[in-house]
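Source file: entry_34.cif. Holds: mmCIF, C-alpha atoms and all ligand atoms.
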```
data_model
#
loop_
_atom_site.label_atom_id
_atom_site.label_comp_id
_atom_site.auth_asym_id
_atom_site.auth_seq_id
_atom_site.Cartn_x
_atom_site.Cartn_y
_atom_site.Cartn_z
CA MET A 41 0.00 0.00 0.00
CA ASN A 42 1.25 3.47 -0.75
CA ARG A 43 0.17 5.65 2.12
CA ARG A 44 2.46 8.50 1.24
CA ALA A 45 0.90 8.81 -2.21
CA LEU A 46 -2.53 8.81 -0.65
CA LEU A 47 -1.53 11.72 1.48
CA THR A 48 0.18 13.91 -1.06
CA SER A 49 -3.16 15.32 -2.08
CA LEU A 50 -4.10 16.25 1.46
CA ALA A 51 -1.25 18.67 2.04
CA VAL A 52 -1.85 19.17 5.74
CA ALA A 53 1.70 19.92 6.78
CA PRO A 54 1.53 23.65 6.02
CA LEU A 55 -1.57 23.80 8.15
CA ILE A 56 0.33 23.19 11.35
CA ALA A 57 3.66 24.65 10.36
CA GLY A 58 2.38 28.14 11.01
CA CYS A 59 1.03 27.50 14.49
CA ARG A 60 4.27 26.42 16.08
CA ARG A 61 6.65 28.67 17.94
CA SER A 62 10.29 28.16 17.19
CA ALA A 63 12.46 26.70 19.94
CA VAL A 64 13.95 29.37 22.20
CA ALA A 65 17.35 28.73 23.73
CA SER A 66 17.30 29.15 27.48
CA THR A 67 19.28 28.36 30.59
CA PRO A 68 19.21 24.80 31.92
CA ARG A 69 17.45 24.59 35.27
CA GLY A 70 18.47 21.93 37.78
CA GLY A 71 20.62 20.46 35.03
CA LEU A 72 17.62 20.04 32.74
CA PRO A 73 16.82 22.52 29.97
CA PRO A 74 13.17 23.57 29.78
CA LEU A 75 11.67 20.74 27.74
CA ARG A 76 9.48 23.17 25.77
CA THR A 77 12.61 24.80 24.36
CA ILE A 78 14.14 21.59 23.02
CA THR A 79 11.10 19.58 21.90
CA PRO A 80 10.31 19.88 18.21
CA GLY A 81 6.61 20.77 18.00
CA ALA A 82 5.29 21.32 21.50
CA PHE A 83 6.02 19.71 24.85
CA GLY A 84 2.69 18.98 26.47
CA THR A 85 1.10 17.63 29.59
CA CYS A 86 -2.40 16.94 30.82
CA VAL A 87 -4.01 19.30 33.29
CA GLN A 88 -6.92 19.44 35.72
CA VAL A 89 -8.36 22.67 37.13
CA ALA A 90 -6.97 21.64 40.53
CA ASN A 91 -3.42 21.95 39.15
CA LEU A 92 -3.97 25.65 38.44
CA THR A 93 -3.91 26.50 42.14
CA ASP A 94 -0.86 24.35 42.95
CA PRO A 95 2.21 26.65 42.98
CA ALA A 96 4.67 23.78 42.49
CA TRP A 97 2.74 22.46 39.47
CA LEU A 98 2.48 25.98 38.03
CA ASP A 99 6.23 26.49 38.34
CA LEU A 100 7.02 23.18 36.67
CA ALA A 101 4.46 23.69 33.90
CA ARG A 102 5.57 27.24 33.12
CA THR A 103 9.16 26.02 32.91
CA HIS A 104 8.67 22.98 30.71
CA VAL A 105 5.28 22.99 29.00
CA SER A 106 4.04 24.66 25.82
CA GLN A 107 0.80 22.73 25.29
CA LEU A 108 -1.99 21.50 27.59
CA THR A 109 -4.51 18.68 27.26
CA PRO A 110 -7.42 18.71 29.74
CA GLU A 111 -7.20 15.38 31.59
CA TRP A 112 -10.95 14.82 32.13
CA GLU A 113 -12.88 18.09 32.44
CA MET A 114 -13.30 18.46 28.65
CA LYS A 115 -14.95 15.04 28.35
CA MET A 116 -18.65 14.17 28.33
CA GLU A 117 -18.28 12.82 31.88
CA TYR A 118 -17.93 16.41 33.07
CA ILE A 119 -19.53 18.47 30.30
CA LEU A 120 -22.73 16.37 30.24
CA ALA A 121 -22.94 15.62 33.97
CA ASP A 122 -26.08 17.80 34.18
CA GLY A 123 -27.56 16.37 30.97
CA LEU A 124 -27.69 17.38 27.32
CA ASP A 125 -29.39 20.70 27.92
CA ARG A 126 -26.89 22.18 30.38
CA LEU A 127 -23.37 21.80 29.10
CA ARG A 128 -20.71 22.44 31.74
CA LEU A 129 -17.83 24.27 30.10
CA ASP A 130 -16.74 26.27 33.14
CA ARG A 131 -13.68 24.21 34.03
CA THR A 132 -12.32 23.92 30.52
CA ASP A 133 -12.91 27.64 30.12
CA ARG A 134 -10.57 28.16 33.08
CA ILE A 135 -7.98 25.87 31.54
CA ALA A 136 -8.33 27.65 28.18
CA ARG A 137 -7.82 31.04 29.87
CA PHE A 138 -4.75 29.74 31.69
CA ALA A 139 -3.31 28.36 28.44
CA ALA A 140 -3.89 31.67 26.64
CA ASP A 141 -2.48 33.75 29.53
CA ASN A 142 0.66 31.60 29.60
CA GLY A 143 1.25 31.33 25.87
CA MET A 144 0.48 27.60 25.82
CA ALA A 145 -1.42 25.79 23.07
CA LEU A 146 -4.57 23.89 24.01
CA HIS A 147 -5.25 20.38 22.69
CA GLY A 148 -8.92 19.41 22.96
CA HIS A 149 -9.58 15.98 24.49
CA THR A 150 -11.96 14.46 23.60
CA LEU A 151 -15.18 14.86 21.63
CA ILE A 152 -16.37 11.29 20.98
CA TRP A 153 -15.22 8.36 23.10
CA TYR A 154 -16.78 4.90 23.34
CA SER A 155 -16.60 5.01 27.13
CA GLN A 156 -18.59 8.21 27.61
CA GLY A 157 -22.01 9.65 26.91
CA GLN A 158 -24.09 6.46 27.34
CA GLU A 159 -26.27 7.91 30.09
CA ALA A 160 -26.91 11.28 28.49
CA PHE A 161 -27.76 9.68 25.12
CA ALA A 162 -29.79 6.76 26.52
CA GLY A 163 -33.42 6.52 25.41
CA LEU A 164 -33.18 9.07 22.58
CA ASP A 165 -34.95 8.17 19.36
CA ASN A 166 -32.87 8.27 16.19
CA ALA A 167 -33.68 11.87 15.27
CA ALA A 168 -32.99 13.13 18.78
CA PHE A 169 -29.77 11.09 18.93
CA ASP A 170 -28.58 12.66 15.68
CA ARG A 171 -29.44 16.15 16.91
CA ALA A 172 -27.63 15.52 20.19
CA PHE A 173 -24.54 13.99 18.55
CA ASP A 174 -24.11 16.73 15.98
CA GLY A 175 -25.19 19.39 18.46
CA TYR A 176 -22.65 18.32 21.07
CA ILE A 177 -19.77 18.55 18.62
CA ALA A 178 -21.06 21.82 17.15
CA THR A 179 -21.46 23.41 20.57
CA VAL A 180 -18.26 22.22 22.21
CA ALA A 181 -15.92 22.50 19.23
CA GLY A 182 -17.65 25.75 18.25
CA HIS A 183 -17.22 27.19 21.76
CA TYR A 184 -13.47 26.49 21.68
CA ARG A 185 -12.93 27.59 18.10
CA GLY A 186 -9.83 29.78 18.03
CA LYS A 187 -8.92 28.59 21.54
CA VAL A 188 -7.97 25.00 20.83
CA GLN A 189 -5.51 24.45 18.04
CA SER A 190 -6.22 20.72 17.77
CA TRP A 191 -8.81 18.14 18.83
CA ASP A 192 -8.89 14.45 19.63
CA VAL A 193 -12.12 14.08 17.70
CA VAL A 194 -12.45 10.35 18.35
CA ASN A 195 -10.68 8.48 21.12
CA GLU A 196 -9.88 4.76 21.32
CA PRO A 197 -12.06 3.13 18.64
CA ILE A 198 -10.04 -0.12 18.43
CA LEU A 199 -10.59 -3.30 20.49
CA ASP A 200 -7.78 -4.08 22.95
CA ASP A 201 -6.65 -7.22 21.11
CA GLY A 202 -6.69 -5.42 17.76
CA SER A 203 -9.22 -7.85 16.28
CA GLY A 204 -11.54 -5.08 15.13
CA LEU A 205 -13.32 -1.89 16.13
CA ARG A 206 -15.28 -1.47 19.33
CA ASP A 207 -19.00 -1.92 19.46
CA CYS A 208 -20.46 1.01 21.41
CA HIS A 209 -23.49 3.31 21.64
CA TRP A 210 -22.05 5.43 18.82
CA SER A 211 -21.31 2.51 16.48
CA ARG A 212 -24.74 0.98 17.09
CA ARG A 213 -26.34 4.10 15.62
CA TYR A 214 -23.89 4.98 12.82
CA GLY A 215 -21.69 1.91 12.23
CA GLN A 216 -18.11 1.31 13.33
CA ASP A 217 -16.46 3.57 10.78
CA GLY A 218 -19.62 5.61 10.44
CA TYR A 219 -19.56 7.28 13.83
CA ILE A 220 -15.93 8.21 13.38
CA ARG A 221 -16.57 9.76 9.99
CA ARG A 222 -19.61 11.65 11.23
CA ALA A 223 -17.67 13.01 14.22
CA PHE A 224 -14.85 14.27 12.02
CA ASP A 225 -17.25 15.83 9.52
CA GLU A 226 -19.10 17.67 12.30
CA ALA A 227 -15.86 18.77 13.96
CA ARG A 228 -14.60 20.12 10.63
CA ILE A 229 -17.74 22.22 10.29
CA ALA A 230 -17.62 23.44 13.89
CA ASP A 231 -13.95 24.42 13.77
CA PRO A 232 -12.46 24.71 10.29
CA GLU A 233 -9.00 25.60 11.59
CA ALA A 234 -8.29 23.06 14.34
CA VAL A 235 -6.08 20.09 13.44
CA LEU A 236 -8.30 17.01 13.83
CA PHE A 237 -6.77 13.91 15.44
CA LEU A 238 -7.69 10.27 15.91
CA ASN A 239 -6.21 9.08 19.22
CA GLU A 240 -5.51 5.51 20.41
CA TYR A 241 -3.47 3.53 22.96
CA ASN A 242 -1.27 0.39 22.99
CA LEU A 243 -0.39 0.82 19.34
CA GLU A 244 3.32 0.25 19.96
CA GLY A 245 2.92 -2.55 22.52
CA VAL A 246 0.22 -4.63 20.78
CA PRO A 247 1.21 -5.03 17.11
CA ALA A 248 -2.23 -6.33 16.06
CA LYS A 249 -3.80 -3.19 17.49
CA GLY A 250 -1.26 -0.98 15.75
CA ALA A 251 -1.98 -2.72 12.44
CA GLN A 252 -5.75 -2.33 12.93
CA PHE A 253 -5.25 1.39 13.61
CA LEU A 254 -3.23 1.81 10.40
CA ARG A 255 -5.96 0.06 8.41
CA LEU A 256 -8.61 2.30 9.94
CA VAL A 257 -6.64 5.46 9.14
CA GLU A 258 -6.18 4.33 5.57
CA ARG A 259 -9.91 3.62 5.16
CA LEU A 260 -10.89 6.96 6.67
CA LEU A 261 -8.54 8.92 4.44
CA LYS A 262 -9.67 7.08 1.32
CA ALA A 263 -13.26 7.90 2.26
CA GLY A 264 -12.39 11.61 2.40
CA CYS A 265 -12.58 11.93 6.18
CA PRO A 266 -11.01 15.22 7.34
CA LEU A 267 -8.59 13.37 9.61
CA GLN A 268 -5.42 15.43 9.86
CA GLY A 269 -3.36 14.05 12.71
CA LEU A 270 -2.55 10.77 14.42
CA GLY A 271 -2.37 10.51 18.20
CA THR A 272 -0.46 7.63 19.71
CA GLN A 273 -1.08 7.78 23.44
CA SER A 274 2.05 5.79 24.36
CA HIS A 275 1.00 4.47 27.74
CA LEU A 276 4.03 2.21 27.43
CA TRP A 277 5.25 -0.62 29.63
CA ILE A 278 8.78 -1.63 30.47
CA ASP A 279 8.76 -5.00 28.68
CA ILE A 280 7.82 -3.88 25.18
CA PRO A 281 10.47 -5.63 23.05
CA ASP A 282 13.35 -3.52 21.74
CA GLY A 283 12.62 -2.08 18.31
CA GLN A 284 8.86 -2.56 18.45
CA ILE A 285 8.09 1.09 19.27
CA ALA A 286 10.27 2.36 16.43
CA ALA A 287 8.81 -0.18 13.99
CA PHE A 288 5.26 1.01 14.68
CA MET A 289 6.20 4.68 14.48
CA HIS A 290 7.80 4.11 11.06
CA GLU A 291 4.53 2.62 9.83
CA LEU A 292 2.52 5.46 11.35
CA ALA A 293 4.75 8.04 9.70
CA GLN A 294 4.01 6.69 6.23
CA PHE A 295 0.75 8.64 6.08
CA GLY A 296 2.71 11.89 6.14
CA LEU A 297 0.36 13.30 8.81
CA PRO A 298 1.36 15.16 11.99
CA ILE A 299 1.97 12.74 14.85
CA HIS A 300 1.14 13.50 18.47
CA VAL A 301 2.72 11.37 21.18
CA SER A 302 -0.31 12.27 23.20
CA GLU A 303 -0.25 10.65 26.67
CA LEU A 304 3.20 9.21 27.40
CA ASP A 305 3.81 7.46 30.69
CA VAL A 306 5.63 4.24 31.55
CA SER A 307 4.54 2.45 34.69
CA LEU A 308 7.22 0.39 36.42
CA ARG A 309 4.57 -2.11 37.53
CA THR A 310 4.16 -5.51 35.94
CA ASP A 311 1.33 -7.98 36.42
CA SER A 312 3.25 -10.80 38.06
CA ALA A 313 3.77 -10.89 41.83
CA LEU A 314 6.76 -13.17 41.06
CA ASP A 315 8.52 -10.40 39.15
CA LEU A 316 11.36 -9.58 41.55
CA ARG A 317 13.26 -7.13 39.37
CA GLY A 318 14.34 -4.09 41.36
CA GLN A 319 13.41 -0.44 40.88
CA GLN A 320 16.73 0.60 39.31
CA TYR A 321 16.55 -2.16 36.72
CA ARG A 322 12.95 -1.26 35.93
CA LEU A 323 13.96 2.39 35.53
CA SER A 324 16.66 1.35 33.07
CA LEU A 325 14.04 -0.50 31.00
CA GLN A 326 11.75 2.53 31.20
CA THR A 327 14.61 4.73 29.96
CA ALA A 328 15.17 2.38 27.03
CA ARG A 329 11.48 2.54 25.99
CA VAL A 330 11.27 6.33 26.32
CA THR A 331 14.56 6.83 24.48
CA GLU A 332 13.39 4.65 21.59
CA LEU A 333 10.14 6.61 21.32
CA ALA A 334 11.76 10.04 21.57
CA GLU A 335 14.50 9.12 19.10
CA VAL A 336 12.06 7.88 16.50
CA TYR A 337 9.96 11.05 17.03
CA MET A 338 13.11 13.09 16.37
CA ARG A 339 13.63 11.27 13.07
CA LEU A 340 10.17 12.25 11.78
CA PRO A 341 10.05 15.01 9.18
CA ALA A 342 9.69 18.36 10.96
CA ALA A 343 6.10 18.91 9.82
CA GLN A 344 5.07 15.58 11.36
CA ARG A 345 6.44 16.35 14.84
CA PHE A 346 3.26 17.86 16.18
CA ALA A 347 3.79 17.50 19.93
CA PHE A 348 5.16 15.24 22.62
CA THR A 349 2.84 15.06 25.62
CA THR A 350 3.32 13.25 28.93
CA TRP A 351 0.20 12.25 30.89
CA GLY A 352 1.12 14.38 33.88
CA LEU A 353 4.35 15.96 35.08
CA ARG A 354 5.04 14.53 38.54
CA ASP A 355 4.66 10.86 39.46
CA THR A 356 2.13 11.92 42.05
CA ASP A 357 -0.02 13.49 39.29
CA SER A 358 -0.37 10.19 37.44
CA TRP A 359 -3.63 8.30 37.02
CA TYR A 360 -1.57 5.17 37.93
CA ARG A 361 -1.02 6.60 41.40
CA ARG A 362 -4.77 6.93 41.92
CA ASP A 363 -5.75 3.29 41.37
CA ASP A 364 -6.17 0.41 43.82
CA LYS A 365 -3.00 -1.42 42.81
CA ASP A 366 -0.74 1.54 43.55
CA ASP A 367 2.01 0.90 46.10
CA GLY A 368 3.17 4.53 46.22
CA LYS A 369 6.45 3.70 44.48
CA ASP A 370 5.62 3.84 40.80
CA ARG A 371 7.50 6.45 38.78
CA PRO A 372 5.64 6.70 35.48
CA LEU A 373 6.32 10.37 34.69
CA PRO A 374 9.24 12.74 34.03
CA PHE A 375 9.35 14.41 37.46
CA ASP A 376 9.22 13.14 41.02
CA ALA A 377 6.85 14.34 43.74
CA ALA A 378 9.15 17.26 44.51
CA GLY A 379 9.37 18.33 40.87
CA GLN A 380 12.92 17.04 40.41
CA PRO A 381 13.76 15.35 37.11
CA ASN A 382 13.36 11.56 36.99
CA PRO A 383 15.48 9.46 34.61
CA MET A 384 12.58 9.84 32.12
CA ALA A 385 13.06 13.61 31.90
CA ARG A 386 16.78 13.19 31.29
CA ALA A 387 16.14 10.54 28.63
CA LEU A 388 13.76 12.92 26.85
CA ALA A 389 16.18 15.83 27.07
CA THR A 390 19.03 13.71 25.71
CA ALA A 391 16.98 12.44 22.78
CA PHE A 392 15.58 15.90 21.95
CA GLN A 393 19.05 17.45 21.95
CA THR A 394 20.78 14.81 19.85
O1 LIG A 401 -6.12 10.26 33.47
C1 LIG A 401 -7.51 10.31 33.20
C2 LIG A 401 -8.30 10.07 34.47
O2 LIG A 401 -8.06 11.11 35.38
C3 LIG A 401 -9.78 9.99 34.14
O3 LIG A 401 -10.49 9.61 35.32
C4 LIG A 401 -10.02 8.94 33.06
C5 LIG A 401 -11.48 8.92 32.64
O4 LIG A 401 -11.85 10.16 32.13
O5 LIG A 401 -9.25 9.23 31.91
C6 LIG A 401 -7.85 9.26 32.15
O6 LIG A 401 -7.18 9.61 30.97
C7 LIG A 401 -7.28 8.68 29.91
C8 LIG A 401 -7.36 9.45 28.61
O7 LIG A 401 -8.44 10.36 28.65
C9 LIG A 401 -7.51 8.53 27.42
N1 LIG A 401 -6.45 7.56 27.40
C10 LIG A 401 -6.20 6.81 28.63
C11 LIG A 401 -6.02 7.80 29.80
C12 LIG A 401 -5.68 7.05 31.08
O8 LIG A 401 -6.72 6.23 31.46
#
```

Mind turning this structure into structure tokens?
Amino acid sequence: MNRRALLTSLAVAPLIAGCRRSAVASTPRGGLPPLRTITPGAFGTCVQVANLTDPAWLDLARTHVSQLTPEWEMKMEYILADGLDRLRLDRTDRIARFAADNGMALHGHTLIWYSQGQEAFAGLDNAAFDRAFDGYIATVAGHYRGKVQSWDVVNEPILDDGSGLRDCHWSRRYGQDGYIRRAFDEARIADPEAVLFLNEYNLEGVPAKGAQFLRLVERLLKAGCPLQGLGTQSHLWIDIPDGQIAAFMHELAQFGLPIHVSELDVSLRTDSALDLRGQQYRLSLQTARVTELAEVYMRLPAAQRFAFTTWGLRDTDSWYRRDDKDDGKDRPLPFDAAGQPNPMARALATAFQT
């Protein structure tokens, strides 16, 4: 298949080239240069409104970050918590203001996700469902027009084992490709300028899922879907075989579209209680995974290096540290609880400066 040829007609690269600030040289801090100054594209993190009143988070973010992704307050779980008639945009408005005030880009996350919206959309007849689906995208993407520069229009459409696409309340109404295409078409209308992404996880670690994603992207583009960017979440794990991350990224790059490493973290945990490998060894494996990802990102053509986002800054900010299995020792993110660089931050800085 010739994905590059397919893409030559789409010419999306110039679209994002203009919205990027050039890297600014600045003084290393604590031995680590501000990541936003050395990352091609943007260096991003996720954010919750609660972070905006945490002085230590603010200091770290203003030093290293040039792009924000709302972690959950821009999802249906928050926006539709009071139902379809009373959209709650207050928290994302605060995040959007903070991003604008601090010269950071805002990445919208996420419009349509299989795991959200069931309750609000339950019991609607077909016509009401269509009005609500299109209306949600029109209202939310319309509200943030000019404030977000990019959107995860559809999140996580692929089954975990890569055997196909998920069946969900959206696919039951519009079909498995159909809901994705409809969401992109509506997002394009609501915000003609934003770069529109499809976002998915475990693409590097589960080859069958990566392959299914590539097939979906190819189908969508052939069908004329206004898909303009590819988000690979990169919730990696330490035992992904050497070379597998780079192999997937090479495939992904063949479309010629901007690539967003959109939610990087690498938990040190493994499933087996019999796994006795120590913390230092696990950190060395984590460094190897992150280095492979960052190095392959660096080898992408400039116009395809959209942004490199970690799913939190400090280990204590991570969703992994909030679940039942957490032992308080995991170090999935670039900074420790005190905001000091972890090996991950140094691995990123090394790769971005090479
Ligand atoms: O980190 C997010 C967590 O705080 C939320 O409770 C959860 C549900 O909204 O989503 C988490 O973020 C997910 C992201 O939106 C999509 N990819 C997987 C992320 C981790 O679960």

Review point. Can you tell me, as a ChimeraX atom specification, what residues are no more than 7 Å from region 346-363 of chain A when counting all atoms listed in the file, ignoring any on the same chain fewer than 5 positions away?
Key: /A:81-86,298-305,368,371-377,379

Check your understanding: How far is it from CA of Lys115 (chain A) to CA of His209 (chain A), in Å with one decimal?
Key ->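 Calculated distance between CA of Lys115 (chain A) and CA of His209 (chain A) is 16.0 Å.
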
Review point. Interatomic distance between CA of Tyr184 (chain A) and CA of Pro80 (chain A)?
Key: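 Separation between CA of Tyr184 (chain A) and CA of Pro80 (chain A): 24.9 Å.
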
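Of the residues listed (A:Pro95, A:Gly182, A:Pro341, A:Pro110), A:Pro110 shows the shortest atom-to-atom separation from ligand LIG 401 (chain A); distances use all atoms listed in the file.
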
Exercise for review: May I ask which of the residues A:Tyr321, A:Tyr219, A:Trp191, A:Tyr118 is the closest one to Leu260 (chain A), counting all atoms listed in the file?
Suggested key: A:Tyr219

Point to revise | A:Ala101, A:Ala96, A:Leu261, A:Ile119 ranked by distance to ligand LIG 401 (chain A), top pick (using all atoms listed in the file) | key: A:Ile119

Check your understanding: What is the CA of Leu164 (chain A)-CA of Asp231 (chain A) distance in Å, reported with one decimal?
Key ->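 So the two atoms, CA of Leu164 (chain A) and CA of Asp231 (chain A), lie 26.1 Å apart.
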
Practice item. Rank A:Gly175, A:His149, A:Ser307, A:Gly143 by their smallest atom-to-atom distance to Glu111 (chain A), using all atoms listed in the file, and report the top residue only. Key: A:His149

Written coordinates, C-alpha atoms of region 274-320 of chain A as a PDB file, in the first residue's frame:
```
ATOM      1  CA  SER A 274       2.053   5.795  24.361  1.00  0.00           C
ATOM      2  CA  HIS A 275       1.004   4.469  27.738  1.00  0.00           C
ATOM      3  CA  LEU A 276       4.034   2.215  27.430  1.00  0.00           C
ATOM      4  CA  TRP A 277       5.251  -0.619  29.633  1.00  0.00           C
ATOM      5  CA  ILE A 278       8.782  -1.630  30.474  1.00  0.00           C
ATOM      6  CA  ASP A 279       8.762  -5.001  28.680  1.00  0.00           C
ATOM      7  CA  ILE A 280       7.817  -3.879  25.182  1.00  0.00           C
ATOM      8  CA  PRO A 281      10.471  -5.634  23.052  1.00  0.00           C
ATOM      9  CA  ASP A 282      13.348  -3.523  21.743  1.00  0.00           C
ATOM     10  CA  GLY A 283      12.620  -2.083  18.313  1.00  0.00           C
ATOM     11  CA  GLN A 284       8.858  -2.556  18.446  1.00  0.00           C
ATOM     12  CA  ILE A 285       8.094   1.090  19.267  1.00  0.00           C
ATOM     13  CA  ALA A 286      10.271   2.362  16.427  1.00  0.00           C
ATOM     14  CA  ALA A 287       8.806  -0.185  13.993  1.00  0.00           C
ATOM     15  CA  PHE A 288       5.261   1.007  14.675  1.00  0.00           C
ATOM     16  CA  MET A 289       6.205   4.680  14.476  1.00  0.00           C
ATOM     17  CA  HIS A 290       7.796   4.112  11.062  1.00  0.00           C
ATOM     18  CA  GLU A 291       4.526   2.624   9.826  1.00  0.00           C
ATOM     19  CA  LEU A 292       2.522   5.463  11.350  1.00  0.00           C
ATOM     20  CA  ALA A 293       4.749   8.043   9.699  1.00  0.00           C
ATOM     21  CA  GLN A 294       4.012   6.685   6.227  1.00  0.00           C
ATOM     22  CA  PHE A 295       0.750   8.641   6.075  1.00  0.00           C
ATOM     23  CA  GLY A 296       2.710  11.886   6.145  1.00  0.00           C
ATOM     24  CA  LEU A 297       0.363  13.301   8.810  1.00  0.00           C
ATOM     25  CA  PRO A 298       1.364  15.165  11.989  1.00  0.00           C
ATOM     26  CA  ILE A 299       1.968  12.740  14.854  1.00  0.00           C
ATOM     27  CA  HIS A 300       1.139  13.502  18.471  1.00  0.00           C
ATOM     28  CA  VAL A 301       2.724  11.373  21.184  1.00  0.00           C
ATOM     29  CA  SER A 302      -0.305  12.268  23.204  1.00  0.00           C
ATOM     30  CA  GLU A 303      -0.252  10.648  26.670  1.00  0.00           C
ATOM     31  CA  LEU A 304       3.197   9.207  27.401  1.00  0.00           C
ATOM     32  CA  ASP A 305       3.810   7.463  30.695  1.00  0.00           C
ATOM     33  CA  VAL A 306       5.627   4.237  31.545  1.00  0.00           C
ATOM     34  CA  SER A 307       4.539   2.447  34.686  1.00  0.00           C
ATOM     35  CA  LEU A 308       7.220   0.391  36.419  1.00  0.00           C
ATOM     36  CA  ARG A 309       4.574  -2.105  37.527  1.00  0.00           C
ATOM     37  CA  THR A 310       4.162  -5.507  35.940  1.00  0.00           C
ATOM     38  CA  ASP A 311       1.326  -7.977  36.420  1.00  0.00           C
ATOM     39  CA  SER A 312       3.255 -10.800  38.061  1.00  0.00           C
ATOM     40  CA  ALA A 313       3.774 -10.887  41.831  1.00  0.00           C
ATOM     41  CA  LEU A 314       6.755 -13.168  41.058  1.00  0.00           C
ATOM     42  CA  ASP A 315       8.523 -10.399  39.154  1.00  0.00           C
ATOM     43  CA  LEU A 316      11.362  -9.577  41.553  1.00  0.00           C
ATOM     44  CA  ARG A 317      13.264  -7.129  39.367  1.00  0.00           C
ATOM     45  CA  GLY A 318      14.344  -4.086  41.357  1.00  0.00           C
ATOM     46  CA  GLN A 319      13.409  -0.437  40.879  1.00  0.00           C
ATOM     47  CA  GLN A 320      16.733   0.597  39.313  1.00  0.00           C
TER      48      GLN A 320
END
```
